[in-house]
>>> print(open('model_9.cif').read())   # mmCIF, C-alpha atoms
data_entry
loop_
_atom_site.label_atom_id
_atom_site.label_comp_id
_atom_site.auth_asym_id
_atom_site.auth_seq_id
_atom_site.Cartn_x
_atom_site.Cartn_y
_atom_site.Cartn_z
CA MET A 1 125.08 130.64 83.58
CA ARG A 2 125.46 128.27 86.50
CA THR A 3 122.95 127.34 89.18
CA GLN A 4 123.84 127.84 92.80
CA SER A 5 123.22 124.94 95.17
CA LEU A 6 123.88 124.44 98.84
CA PHE A 7 124.94 121.11 100.32
CA VAL A 8 124.98 119.41 96.90
CA LYS A 9 125.45 115.66 96.84
CA THR A 10 127.89 114.04 94.43
CA LEU A 11 125.72 112.96 91.53
CA PRO A 12 126.23 109.49 90.07
CA GLN A 13 126.77 110.35 86.41
CA GLU A 14 124.88 107.34 85.09
CA ASN A 15 121.57 108.21 86.84
CA GLY A 16 119.21 111.09 86.23
CA PHE A 17 115.45 111.35 86.78
CA LEU A 18 112.80 114.05 86.36
CA THR A 19 109.79 113.90 88.68
CA LEU A 20 106.69 116.00 88.02
CA LEU A 21 105.89 118.29 90.93
CA ASN A 22 103.10 120.61 89.80
CA LYS A 23 100.19 118.97 91.66
CA SER A 24 101.62 115.74 92.96
CA ILE A 25 104.33 113.25 92.15
CA LEU A 26 102.55 111.65 89.23
CA LYS A 27 105.34 110.43 87.00
CA THR A 28 109.09 109.93 87.04
CA ILE A 29 111.04 109.98 83.77
CA GLU A 30 114.51 108.50 83.42
CA ILE A 31 117.00 110.48 81.34
CA LYS A 32 119.14 108.03 79.39
CA ASP A 33 120.92 110.04 76.69
CA SER A 34 118.92 113.18 75.92
CA ILE A 35 115.36 114.42 76.29
CA LEU A 36 113.60 117.16 74.30
CA ILE A 37 111.01 119.20 76.19
CA GLY A 38 108.44 121.25 74.27
CA ARG A 39 105.02 121.75 72.74
CA ASP A 40 105.97 119.70 69.68
CA PRO A 41 104.01 116.39 69.87
CA GLY A 42 107.23 114.62 68.91
CA ALA A 43 109.06 115.79 72.05
CA GLN A 44 109.91 113.13 74.63
CA ILE A 45 108.31 115.41 77.25
CA TYR A 46 105.28 116.90 75.50
CA LEU A 47 103.80 119.94 77.28
CA PRO A 48 100.61 121.29 75.63
CA ASP A 49 101.13 124.70 77.25
CA PHE A 50 101.03 128.00 75.32
CA CYS A 51 103.84 129.28 77.56
CA VAL A 52 106.07 126.52 76.15
CA SER A 53 107.85 126.74 72.79
CA ASN A 54 107.70 123.86 70.30
CA ARG A 55 111.34 123.04 71.00
CA HIS A 56 111.78 124.59 74.42
CA ALA A 57 114.70 122.86 76.18
CA ARG A 58 116.91 119.80 75.99
CA ILE A 59 118.50 117.73 78.77
CA GLU A 60 121.61 115.83 77.71
CA LYS A 61 123.80 113.35 79.50
CA LYS A 62 127.53 114.15 79.20
CA SER A 63 130.65 112.56 80.62
CA ASP A 64 130.59 114.69 83.77
CA GLY A 65 126.82 114.77 84.43
CA PHE A 66 123.52 116.04 83.07
CA TYR A 67 123.07 119.42 81.41
CA VAL A 68 119.95 121.37 80.51
CA ARG A 69 120.02 123.88 77.64
CA ASP A 70 117.35 126.40 76.71
CA LEU A 71 116.62 126.20 72.95
CA ARG A 72 115.98 129.93 72.51
CA SER A 73 112.50 129.54 73.97
CA ARG A 74 110.14 132.51 74.14
CA ASN A 75 109.53 132.37 77.91
CA GLY A 76 112.75 130.81 79.16
CA THR A 77 113.89 127.80 81.16
CA PHE A 78 114.38 128.14 84.91
CA ILE A 79 116.52 126.27 87.44
CA ASN A 80 115.72 126.97 91.10
CA GLY A 81 113.91 130.14 90.02
CA SER A 82 116.78 131.54 87.90
CA ARG A 83 116.57 131.77 84.11
CA ILE A 84 119.35 129.85 82.39
CA ILE A 85 120.88 129.40 78.97
CA GLU A 86 122.75 126.23 79.91
CA ALA A 87 123.41 124.71 83.32
CA LYS A 88 124.67 121.52 84.87
CA LEU A 89 121.91 119.84 86.86
CA GLN A 90 122.57 119.09 90.51
CA ASP A 91 120.67 116.63 92.66
CA HIS A 92 117.30 118.12 93.75
CA ASP A 93 117.44 121.05 91.33
CA ARG A 94 113.99 122.37 90.38
CA LEU A 95 113.42 122.70 86.62
CA ARG A 96 110.52 124.89 85.43
CA VAL A 97 109.33 124.97 81.82
CA GLY A 98 106.23 127.07 81.26
CA LEU A 99 103.76 126.22 84.03
CA THR A 100 105.25 122.79 84.68
CA GLU A 101 107.86 122.10 87.34
CA TYR A 102 110.09 119.05 87.78
CA ILE A 103 112.64 118.04 90.35
CA PHE A 104 115.87 116.46 89.10
CA THR A 105 117.24 113.61 91.22
CA ALA A 106 119.88 110.92 91.11
CA GLU A 107 117.42 108.38 92.52
CA LYS A 108 114.10 107.35 91.06
CA ASP A 109 112.16 106.80 94.28
CA MET A 110 112.01 109.92 96.43
CA GLY A 111 109.82 108.11 98.97
CA ILE A 112 107.12 110.79 98.99
CA SER A 113 103.43 109.93 98.80
CA ASN A 114 101.32 111.43 96.01
CA THR A 115 98.45 112.03 98.43
CA PHE A 116 100.47 114.27 100.71
CA LEU A 117 101.80 116.48 97.90
CA SER A 118 98.44 117.58 96.53
CA SER A 119 94.96 118.41 97.76
CA GLN A 120 91.48 118.94 96.36
CA ASN A 121 91.16 121.71 98.95
CA ALA A 122 92.23 124.87 97.10
CA SER A 123 93.75 126.65 100.10
CA TRP A 124 95.80 123.64 101.25
CA ASP A 125 96.84 122.77 97.69
CA GLN A 126 98.21 126.29 97.29
CA GLN A 127 100.42 125.78 100.35
CA LEU A 128 101.59 122.37 99.10
CA LYS A 129 102.63 123.85 95.76
CA ARG A 130 105.09 126.06 97.63
CA LEU A 131 106.64 123.08 99.42
CA PRO A 132 109.53 122.39 96.96
CA ALA A 133 110.63 126.05 97.02
CA ILE A 134 110.35 126.16 100.82
CA ALA A 135 112.30 122.91 101.12
CA GLN A 136 115.23 124.19 99.11
CA SER A 137 115.62 127.44 101.04
CA PRO A 138 118.07 127.48 103.99
CA HIS A 139 115.61 129.14 106.38
CA PRO A 140 113.78 127.60 109.36
CA VAL A 141 110.24 126.36 108.71
CA LEU A 142 107.42 126.60 111.25
CA LEU A 143 104.59 124.05 110.95
CA LEU A 144 101.47 125.26 112.74
CA GLY A 145 98.30 123.22 113.04
CA PRO A 146 96.18 120.84 115.11
CA SER A 147 97.64 117.62 116.45
CA GLY A 148 97.50 114.68 114.08
CA THR A 149 97.47 116.66 110.82
CA GLY A 150 100.72 115.16 109.54
CA LYS A 151 103.26 117.79 110.56
CA GLU A 152 106.07 115.23 110.93
CA ILE A 153 105.24 113.85 107.47
CA LEU A 154 105.54 117.39 106.10
CA ALA A 155 108.85 117.88 107.92
CA ASN A 156 110.17 114.67 106.37
CA MET A 157 109.02 115.79 102.93
CA ILE A 158 110.80 119.12 103.39
CA HIS A 159 113.97 117.20 104.25
CA LYS A 160 113.69 114.85 101.24
CA LEU A 161 113.05 117.71 98.82
CA SER A 162 115.95 119.78 100.19
CA PHE A 163 119.63 119.86 99.34
CA ARG A 164 120.21 118.22 102.74
CA SER A 165 118.39 115.00 101.82
CA SER A 166 121.65 113.00 102.01
CA GLY A 167 122.02 114.04 105.65
CA GLN A 168 120.13 112.77 108.66
CA PHE A 169 116.56 113.65 109.56
CA LEU A 170 116.48 113.81 113.36
CA SER A 171 113.31 114.36 115.38
CA VAL A 172 113.19 115.72 118.95
CA ASN A 173 110.01 115.92 121.02
CA CYS A 174 110.39 119.19 122.93
CA SER A 175 107.47 118.41 125.24
CA ALA A 176 109.59 115.60 126.74
CA LEU A 177 112.52 117.92 127.54
CA THR A 178 112.86 118.92 131.19
CA ASP A 179 114.74 122.02 132.39
CA THR A 180 117.65 119.84 133.55
CA LEU A 181 117.96 117.62 130.47
CA ALA A 182 117.05 120.02 127.64
CA GLU A 183 120.52 121.52 127.24
CA SER A 184 122.21 118.14 127.20
CA GLU A 185 119.70 116.69 124.72
CA LEU A 186 120.01 119.58 122.29
CA PHE A 187 123.66 120.61 122.70
CA GLY A 188 125.32 117.50 124.16
CA HIS A 189 127.67 117.23 127.16
CA GLN A 190 131.18 116.25 128.18
CA LYS A 191 132.01 113.32 130.38
CA GLY A 192 131.79 114.24 134.06
CA SER A 193 129.99 117.54 133.46
CA PHE A 194 127.15 116.44 135.77
CA THR A 195 126.08 113.40 137.78
CA GLY A 196 125.40 110.53 135.41
CA ALA A 197 127.43 111.97 132.51
CA GLN A 198 129.70 108.92 132.19
CA GLU A 199 130.83 109.67 128.63
CA ASP A 200 130.82 112.40 126.00
CA ARG A 201 127.50 112.70 124.20
CA LYS A 202 126.53 114.55 121.04
CA GLY A 203 123.38 116.64 121.22
CA ALA A 204 120.68 116.79 118.57
CA PHE A 205 122.19 119.85 116.86
CA GLU A 206 125.50 118.09 116.28
CA ALA A 207 124.00 114.64 115.55
CA ALA A 208 121.93 116.14 112.72
CA ARG A 209 124.95 117.87 111.15
CA GLY A 210 124.41 118.34 107.40
CA GLY A 211 120.77 117.33 107.72
CA THR A 212 117.47 118.47 109.20
CA LEU A 213 116.54 118.81 112.87
CA PHE A 214 112.80 118.51 113.45
CA LEU A 215 111.72 120.07 116.75
CA ASP A 216 108.23 118.76 117.46
CA GLU A 217 106.06 120.66 119.97
CA VAL A 218 108.56 123.53 119.98
CA GLY A 219 106.08 125.59 122.00
CA ASP A 220 106.86 123.35 124.99
CA ILE A 221 110.61 124.01 125.03
CA PRO A 222 111.55 125.19 128.56
CA LEU A 223 111.66 128.97 128.90
CA SER A 224 115.07 128.78 130.58
CA MET A 225 116.44 127.00 127.48
CA GLN A 226 115.07 129.43 124.90
CA PRO A 227 117.89 132.07 125.08
CA LYS A 228 120.53 129.40 124.36
CA PHE A 229 118.37 127.97 121.60
CA LEU A 230 118.06 131.43 120.03
CA ARG A 231 121.82 131.97 120.28
CA ALA A 232 122.45 128.67 118.49
CA LEU A 233 120.18 129.72 115.61
CA ASP A 234 121.68 133.21 115.35
CA ASN A 235 125.35 132.23 115.59
CA ASN A 236 125.27 128.71 114.12
CA GLU A 237 127.21 127.40 117.10
CA ILE A 238 126.55 125.57 120.34
CA LYS A 239 128.41 124.98 123.58
CA PRO A 240 127.99 121.45 125.04
CA VAL A 241 127.45 121.20 128.79
CA GLY A 242 130.85 121.20 130.52
CA ASN A 243 132.71 122.49 127.47
CA ASP A 244 134.17 126.00 127.41
CA SER A 245 134.62 126.11 123.64
CA SER A 246 131.90 126.42 121.02
CA ILE A 247 131.15 124.00 118.19
CA THR A 248 130.00 125.22 114.78
CA ILE A 249 126.75 123.61 113.68
CA ASP A 250 125.36 122.96 110.21
CA VAL A 251 121.69 122.03 110.48
CA ARG A 252 118.35 123.15 109.06
CA ILE A 253 115.54 123.66 111.60
CA VAL A 254 111.95 122.59 111.01
CA ALA A 255 109.76 123.26 114.07
CA ALA A 256 106.15 122.28 114.73
CA THR A 257 103.52 122.99 117.34
CA ASN A 258 99.78 122.73 117.83
CA ARG A 259 99.85 125.62 120.29
CA ASN A 260 99.25 129.31 119.59
CA LEU A 261 102.78 130.73 119.74
CA LYS A 262 101.58 134.34 119.56
CA LYS A 263 99.44 133.74 122.65
CA LEU A 264 102.38 132.10 124.42
CA VAL A 265 104.48 135.17 123.60
CA ASP A 266 101.80 137.44 125.07
CA GLU A 267 101.70 135.27 128.21
CA GLY A 268 105.48 135.42 128.60
CA LYS A 269 105.88 131.68 128.04
CA PHE A 270 107.71 131.95 124.72
CA ARG A 271 110.35 134.51 123.78
CA GLU A 272 109.24 136.97 121.13
CA ASP A 273 112.69 137.13 119.51
CA LEU A 274 112.78 133.32 119.23
CA TYR A 275 109.29 133.34 117.70
CA PHE A 276 110.40 135.78 114.98
CA ARG A 277 113.62 133.80 114.41
CA LEU A 278 111.59 130.64 113.72
CA HIS A 279 108.71 132.35 111.94
CA ILE A 280 110.34 132.96 108.55
CA LEU A 281 108.59 130.30 106.48
CA GLN A 282 105.27 128.90 107.64
CA ILE A 283 103.03 125.98 106.63
CA CYS A 284 99.65 125.46 108.32
CA PRO A 285 98.16 122.00 107.65
CA PRO A 286 94.38 122.14 108.17
CA ALA A 287 92.29 119.81 110.32
CA LEU A 288 90.88 116.81 108.45
CA ILE A 289 87.33 118.12 108.85
CA GLU A 290 88.43 121.23 106.90
CA ARG A 291 89.75 119.23 103.93
CA LEU A 292 87.12 116.53 103.47
CA GLU A 293 87.65 116.92 99.71
CA ASP A 294 90.71 114.68 100.26
CA PHE A 295 88.94 112.12 102.45
CA ASP A 296 88.49 109.40 99.82
CA SER A 297 92.06 109.70 98.54
CA LEU A 298 93.44 109.59 102.10
CA ILE A 299 91.36 106.48 102.84
CA GLN A 300 92.72 104.84 99.68
CA GLN A 301 96.30 105.81 100.46
CA LEU A 302 96.20 104.59 104.08
CA SER A 303 94.01 101.50 103.69
CA GLY A 304 95.66 100.06 100.57
CA PRO A 305 98.76 98.58 102.29
CA LEU A 306 96.57 97.04 105.01
CA LYS A 307 94.07 95.64 102.47
CA VAL A 308 91.10 97.31 104.15
CA PHE A 309 88.04 98.08 102.03
CA PHE A 310 84.98 100.10 103.00
CA ALA A 311 81.46 99.73 101.60
CA PRO A 312 79.76 102.95 100.37
CA GLU A 313 77.44 103.03 103.43
CA ALA A 314 80.47 102.77 105.72
CA MET A 315 82.29 105.55 103.85
CA LYS A 316 79.23 107.77 104.29
CA LEU A 317 79.32 107.28 108.07
CA LEU A 318 83.07 107.87 108.21
CA ARG A 319 82.66 111.18 106.38
CA GLN A 320 80.09 112.27 108.99
CA HIS A 321 82.55 111.78 111.85
CA THR A 322 84.17 114.97 113.20
CA TRP A 323 87.72 113.48 113.31
CA PRO A 324 89.11 115.30 116.36
CA GLY A 325 92.32 113.29 116.01
CA ASN A 326 92.66 114.20 112.32
CA ILE A 327 94.80 112.00 110.04
CA ARG A 328 96.33 110.21 113.03
CA GLU A 329 92.85 109.12 114.13
CA LEU A 330 92.00 108.05 110.57
CA LYS A 331 95.13 105.86 110.49
CA ASN A 332 94.14 104.32 113.83
CA VAL A 333 90.63 103.53 112.56
CA ILE A 334 92.01 101.80 109.46
CA SER A 335 94.53 99.82 111.55
CA ARG A 336 91.74 98.79 113.93
CA ALA A 337 89.59 97.66 110.99
CA SER A 338 92.49 95.60 109.64
CA ALA A 339 92.99 93.89 113.01
CA LEU A 340 89.33 93.23 113.87
CA PHE A 341 87.96 92.38 110.41
CA PRO A 342 90.89 91.05 108.33
CA GLY A 343 90.00 90.47 104.70
CA LEU A 344 86.36 91.52 105.16
CA LEU A 345 84.46 94.33 103.49
CA ILE A 346 83.80 96.92 106.20
CA THR A 347 80.09 97.85 106.18
CA GLU A 348 78.15 100.32 108.34
CA ASN A 349 77.61 97.45 110.82
CA GLU A 350 81.31 97.41 111.73
CA ILE A 351 81.76 101.18 112.04
CA PRO A 352 80.84 101.38 115.77
CA ASP A 353 83.53 98.79 116.52
CA ILE A 354 86.32 100.74 114.84
CA LEU A 355 85.33 104.38 115.38
CA ASP A 356 85.91 106.29 118.63
CA LEU A 357 82.41 107.71 119.03
CA ASP A 358 83.06 108.92 122.60
CA ARG A 359 84.99 111.89 121.12
CA GLU A 360 81.96 113.15 119.15
CA PRO A 361 80.60 116.48 120.45
CA LYS A 362 77.52 116.04 122.65
CA HIS A 363 75.41 118.36 120.49
CA SER A 364 76.72 117.16 117.16
CA ASN A 365 74.29 117.25 114.25
CA LYS A 366 75.99 114.21 112.79
CA VAL A 367 74.07 110.97 112.30
CA LYS A 368 74.05 108.95 115.51
CA ILE A 369 75.16 105.33 115.31
CA ILE A 370 73.19 102.90 117.43
CA PRO A 371 74.79 100.49 119.96
CA ALA A 372 75.74 96.98 118.88
CA LEU A 373 72.98 95.16 120.85
CA ALA A 374 70.27 97.41 119.42
CA ARG A 375 71.68 96.86 115.95
CA GLN A 376 71.45 93.12 116.42
CA TYR A 377 67.74 93.29 117.23
CA LEU A 378 67.06 95.64 114.32
CA HIS A 379 68.88 93.35 111.90
CA GLU A 380 66.86 90.37 113.12
CA TYR A 381 63.64 92.35 112.69
CA GLU A 382 64.71 93.52 109.22
CA ARG A 383 65.55 89.96 108.16
CA GLU A 384 62.19 88.65 109.37
CA ALA A 385 60.36 91.41 107.51
CA ILE A 386 62.24 90.62 104.28
CA VAL A 387 61.61 86.88 104.60
CA GLU A 388 57.90 87.50 105.27
CA ARG A 389 57.48 89.69 102.15
CA LEU A 390 59.48 87.33 99.92
CA SER A 391 57.41 84.44 101.16
CA TYR A 392 54.16 86.35 100.51
CA TYR A 393 55.20 87.28 96.96
CA LYS A 394 56.81 83.87 96.29
CA GLY A 395 60.30 85.30 95.82
CA ASN A 396 59.33 88.33 93.70
CA GLN A 397 61.98 90.88 94.71
CA ARG A 398 60.44 93.86 92.91
CA ARG A 399 57.08 93.63 94.69
CA SER A 400 58.75 92.79 98.01
CA ALA A 401 60.98 95.86 97.73
CA GLN A 402 57.94 98.08 97.01
CA ASP A 403 56.16 96.89 100.16
CA LEU A 404 59.29 97.32 102.26
CA GLY A 405 59.98 100.81 100.91
CA LEU A 406 63.41 99.78 99.61
CA ALA A 407 65.14 100.11 96.27
CA LYS A 408 65.42 96.74 94.54
CA SER A 409 69.23 97.00 94.62
CA THR A 410 69.12 97.65 98.39
CA LEU A 411 66.86 94.63 98.91
CA HIS A 412 69.27 92.53 96.87
CA ASP A 413 72.15 93.64 99.13
CA ARG A 414 70.14 92.78 102.25
CA ILE A 415 69.28 89.32 100.87
CA ARG A 416 72.96 88.66 100.31
CA ARG A 417 73.98 90.06 103.72
CA TYR A 418 71.43 87.96 105.62
CA ASN A 419 72.18 84.81 103.56
CA ILE A 420 68.52 84.51 102.47
CA CYS A 421 68.09 81.75 99.88
CA LEU A 422 65.63 82.79 97.16
CA ASN A 423 65.26 79.19 95.98
CA ASP A 424 63.37 78.40 99.19
CA PHE A 425 60.56 80.75 98.16
CA LYS A 426 60.51 79.48 94.59
CA GLU A 427 60.12 75.90 95.87
CA LYS A 428 57.24 76.99 98.10
CA SER A 429 55.62 78.57 95.07
CA LYS A 430 55.79 75.25 93.15
CA ASP A 431 54.43 73.27 96.11
CA SER A 432 51.46 75.57 96.45
CA LEU A 433 50.37 75.01 92.81
#
>>> encode(input="model_9.cif", output="structure tokens")
Amino acid sequence: MRTQSLFVKTLPQENGFLTLLNKSILKTIEIKDSILIGRDPGAQIYLPDFCVSNRHARIEKKSDGFYVRDLRSRNGTFINGSRIIEAKLQDHDRLRVGLTEYIFTAEKDMGISNTFLSSQNASWDQQLKRLPAIAQSPHPVLLLGPSGTGKEILANMIHKLSFRSSGQFLSVNCSALTDTLAESELFGHQKGSFTGAQEDRKGAFEAARGGTLFLDEVGDIPLSMQPKFLRALDNNEIKPVGNDSSITIDVRIVAATNRNLKKLVDEGKFREDLYFRLHILQICPPALIERLEDFDSLIQQLSGPLKVFFAPEAMKLLRQHTWPGNIRELKNVISRASALFPGLLITENEIPDILDLDREPKHSNKVKIIPALARQYLHEYEREAIVERLSYYKGNQRRSAQDLGLAKSTLHDRIRRYNICLNDFKEKSKDSL
């Protein structure tokens, strides 16, 4: 039995990799000669899964590529959803054994972040698990969700996990298309077809041939352009401005919007037939405030390259923010922290300088953060109070902390923050004897 693949790349016969895809990209395994997959502890890929046979499947490198063979397993081996006996692996084939799924590639690094392929939020994680299957279908994908939730990242992931990954990923911002320029931008034009058309120009549909065309803010595409857009999707052909003949196109559409398309249809601002043509496969990334289970991992993923580190008190304040700008706002905050406080541990004292508090709702129940000048006076007062107690108790931190109503560990942190020298109080104690 053979697997069917669309737009398959020529596979370099010396390279083959399996990348785990069940929850996130956790591990990539290189296939050198052959690999046994099964529940036998001696298998190169050991899967302690009761759906997996002891000797379930074997992948073997041959002269013309890599082959997977089912070893008469009880529950079968699947390639792209189809049960196989033996099949030649193609680039980006999905291999499922029991409950575990891998993607087979000719390159080790797929360039996809672990954080964005899994989630601690059950609802979002369920959508992400469908991403490989969605990516390898030929149908349009509609990404619906608030601005800043990472829709372009998802579109790029869909492209990289698809059979079109060797082609171009081209992004077009539909909100920037005017009635006069939209047709030329999407379909191209011939020289002299209108004033300013000094040479032939390929449109986005033709420039992305063999790849993926990402239409961001598709809800803003001019109404006058929508019938031609629909015709291009239905017939797989376009007609450049000034050209009487049609051009066949070969492109996969991923569209995104933060607007309510159903409402736009009801208002007559978006064609219903175009909506149903795009609305075949759908992914709805949630707002950051709705997936705070992922907050710490997102912080780690985004702040690591910039070498930004947050103290626990600072993390607590960041979690209390409403994040109206979602992941985009979080990236901006981390970039701001890197620029303003390079190499420093970010504490709660720096949060007002890096967080856009003006966007917080007026009646928010979140903890309010005091202005910088007020903070300065409070810190001076706190330092004086600590110095006074330490002086009174001759440097005894335990008794000082009790009087101040602080945990001893908190007092120790404050002593370090305010550069208070404990030896000064010990010397005073000796002088007083």
>>> residues_around(input="model_9.cif", residues="Leu345 (chain A)", least_positions_apart="6", cutoff="12 Å", atoms="all atoms listed in the file", output="JSON, numbers by chain")
{"A": [303, 307, 308, 309, 310, 311, 312, 313, 314, 315, 337, 338, 351, 417]}
>>> write_last_selection(input="model_9.cif", atoms="C-alpha atoms", output="JSON list (two decimals), in the coordinates of the input")
[["chain", "number", "residue", "atom", "x", "y", "z"],
["A", 303, "SER", "CA", 94.01, 101.50, 103.69],
["A", 307, "LYS", "CA", 94.07, 95.64, 102.47],
["A", 308, "VAL", "CA", 91.10, 97.31, 104.15],
["A", 309, "PHE", "CA", 88.04, 98.08, 102.03],
["A", 310, "PHE", "CA", 84.98, 100.10, 103.00],
["A", 311, "ALA", "CA", 81.46, 99.73, 101.60],
["A", 312, "PRO", "CA", 79.76, 102.95, 100.37],
["A", 313, "GLU", "CA", 77.44, 103.03, 103.43],
["A", 314, "ALA", "CA", 80.47, 102.77, 105.72],
["A", 315, "MET", "CA", 82.29, 105.55, 103.85],
["A", 337, "ALA", "CA", 89.59, 97.66, 110.99],
["A", 338, "SER", "CA", 92.49, 95.60, 109.64],
["A", 351, "ILE", "CA", 81.76, 101.18, 112.04],
["A", 417, "ARG", "CA", 73.98, 90.06, 103.72]]
>>> resolve_selection(input="model_9.cif", expression="the PyMOL selection byres ((chain A and resi 74-87) around 10)", output="MDAnalysis selection string")
chainID A and resid 1:5 50:54 56:59 66:73 88:90 92:98 101:104 132:133 136:137
>>> residues_around(input="model_9.cif", residues="Leu411 (chain A)", least_positions_apart="2", cutoff="9 Å", atoms="all atoms listed in the file", output="JSON, numbers by chain")
{"A": [386, 397, 398, 400, 401, 404, 406, 407, 408, 409, 413, 414, 415, 416]}
>>> residues_around(input="model_9.cif", residues="region 156-170 of chain A", least_positions_apart="2", cutoff="6 Å", atoms="all atoms listed in the file", output="ChimeraX atom specification")
/A:7-8,135-136,153-154,208,210-214
>>> resolve_selection(input="model_9.cif", expression="the PyMOL selection byres ((chain A and resi 240-242) around 7)", output="ChimeraX atom specification")
/A:184,187-190,193,238-239,243-244
>>> closest_residue(input="model_9.cif", among="A:Ile249, A:Leu177, A:Leu344, A:Leu142", to="Leu278 (chain A)", atoms="all atoms listed in the file")
A:Leu142
>>> resolve_selection(input="model_9.cif", expression="the PyMOL selection byres ((chain A and resi 124) around 10)", output="ChimeraX atom specification")
/A:117-123,125-129,283-286,290-291
>>> atom_distance(input="model_9.cif", atom1="CA of Thr100 (chain A)", atom2="CA of Gln282 (chain A)")
23.8 Å
>>> residues_near_point(input="model_9.cif", point="(109.7, 126.2, 121.7)", cutoff="12 Å", atoms="only C-alpha atoms", output="PDB file with C-alpha atoms, in the frame of the given file")
ATOM      1  CA  LEU A 142     107.420 126.600 111.250  1.00  0.00           C
ATOM      2  CA  VAL A 172     113.190 115.720 118.950  1.00  0.00           C
ATOM      3  CA  ASN A 173     110.010 115.920 121.020  1.00  0.00           C
ATOM      4  CA  CYS A 174     110.390 119.190 122.930  1.00  0.00           C
ATOM      5  CA  SER A 175     107.470 118.410 125.240  1.00  0.00           C
ATOM      6  CA  ALA A 176     109.590 115.600 126.740  1.00  0.00           C
ATOM      7  CA  LEU A 177     112.520 117.920 127.540  1.00  0.00           C
ATOM      8  CA  ALA A 182     117.050 120.020 127.640  1.00  0.00           C
ATOM      9  CA  PHE A 214     112.800 118.510 113.450  1.00  0.00           C
ATOM     10  CA  LEU A 215     111.720 120.070 116.750  1.00  0.00           C
ATOM     11  CA  ASP A 216     108.230 118.760 117.460  1.00  0.00           C
ATOM     12  CA  GLU A 217     106.060 120.660 119.970  1.00  0.00           C
ATOM     13  CA  VAL A 218     108.560 123.530 119.980  1.00  0.00           C
ATOM     14  CA  GLY A 219     106.080 125.590 122.000  1.00  0.00           C
ATOM     15  CA  ASP A 220     106.860 123.350 124.990  1.00  0.00           C
ATOM     16  CA  ILE A 221     110.610 124.010 125.030  1.00  0.00           C
ATOM     17  CA  PRO A 222     111.550 125.190 128.560  1.00  0.00           C
ATOM     18  CA  LEU A 223     111.660 128.970 128.900  1.00  0.00           C
ATOM     19  CA  SER A 224     115.070 128.780 130.580  1.00  0.00           C
ATOM     20  CA  MET A 225     116.440 127.000 127.480  1.00  0.00           C
ATOM     21  CA  GLN A 226     115.070 129.430 124.900  1.00  0.00           C
ATOM     22  CA  PRO A 227     117.890 132.070 125.080  1.00  0.00           C
ATOM     23  CA  LYS A 228     120.530 129.400 124.360  1.00  0.00           C
ATOM     24  CA  PHE A 229     118.370 127.970 121.600  1.00  0.00           C
ATOM     25  CA  LEU A 230     118.060 131.430 120.030  1.00  0.00           C
ATOM     26  CA  ILE A 253     115.540 123.660 111.600  1.00  0.00           C
ATOM     27  CA  VAL A 254     111.950 122.590 111.010  1.00  0.00           C
ATOM     28  CA  ALA A 255     109.760 123.260 114.070  1.00  0.00           C
ATOM     29  CA  ALA A 256     106.150 122.280 114.730  1.00  0.00           C
ATOM     30  CA  THR A 257     103.520 122.990 117.340  1.00  0.00           C
ATOM     31  CA  ASN A 258      99.780 122.730 117.830  1.00  0.00           C
ATOM     32  CA  ARG A 259      99.850 125.620 120.290  1.00  0.00           C
ATOM     33  CA  ASN A 260      99.250 129.310 119.590  1.00  0.00           C
ATOM     34  CA  LEU A 261     102.780 130.730 119.740  1.00  0.00           C
ATOM     35  CA  LYS A 262     101.580 134.340 119.560  1.00  0.00           C
ATOM     36  CA  LEU A 264     102.380 132.100 124.420  1.00  0.00           C
ATOM     37  CA  VAL A 265     104.480 135.170 123.600  1.00  0.00           C
ATOM     38  CA  LYS A 269     105.880 131.680 128.040  1.00  0.00           C
ATOM     39  CA  PHE A 270     107.710 131.950 124.720  1.00  0.00           C
ATOM     40  CA  ARG A 271     110.350 134.510 123.780  1.00  0.00           C
ATOM     41  CA  GLU A 272     109.240 136.970 121.130  1.00  0.00           C
ATOM     42  CA  ASP A 273     112.690 137.130 119.510  1.00  0.00           C
ATOM     43  CA  LEU A 274     112.780 133.320 119.230  1.00  0.00           C
ATOM     44  CA  TYR A 275     109.290 133.340 117.700  1.00  0.00           C
ATOM     45  CA  PHE A 276     110.400 135.780 114.980  1.00  0.00           C
ATOM     46  CA  ARG A 277     113.620 133.800 114.410  1.00  0.00           C
ATOM     47  CA  LEU A 278     111.590 130.640 113.720  1.00  0.00           C
ATOM     48  CA  HIS A 279     108.710 132.350 111.940  1.00  0.00           C
TER      49      HIS A 279
END
>>> decode(input="model_9.cif", residues="region 415-419 of chain A", atoms="N, CA and C atoms", output="CSV table (one decimal), in the first residue's frame")
chain,number,residue,atom,x,y,z
A,415,ILE,N,17.1,43.8,52.8
A,415,ILE,CA,18.4,44.2,53.2
A,415,ILE,C,19.4,44.2,52.0
A,416,ARG,N,19.2,43.2,51.2
A,416,ARG,CA,20.1,43.1,50.0
A,416,ARG,C,19.7,44.1,49.0
A,417,ARG,N,18.4,44.4,48.8
A,417,ARG,CA,18.0,45.4,47.8
A,417,ARG,C,18.4,46.8,48.2
A,418,TYR,N,18.3,47.1,49.5
A,418,TYR,CA,18.7,48.5,49.9
A,418,TYR,C,20.1,48.6,50.3
A,419,ASN,N,20.9,47.6,50.0
A,419,ASN,CA,22.4,47.6,50.3
A,419,ASN,C,22.7,48.0,51.8
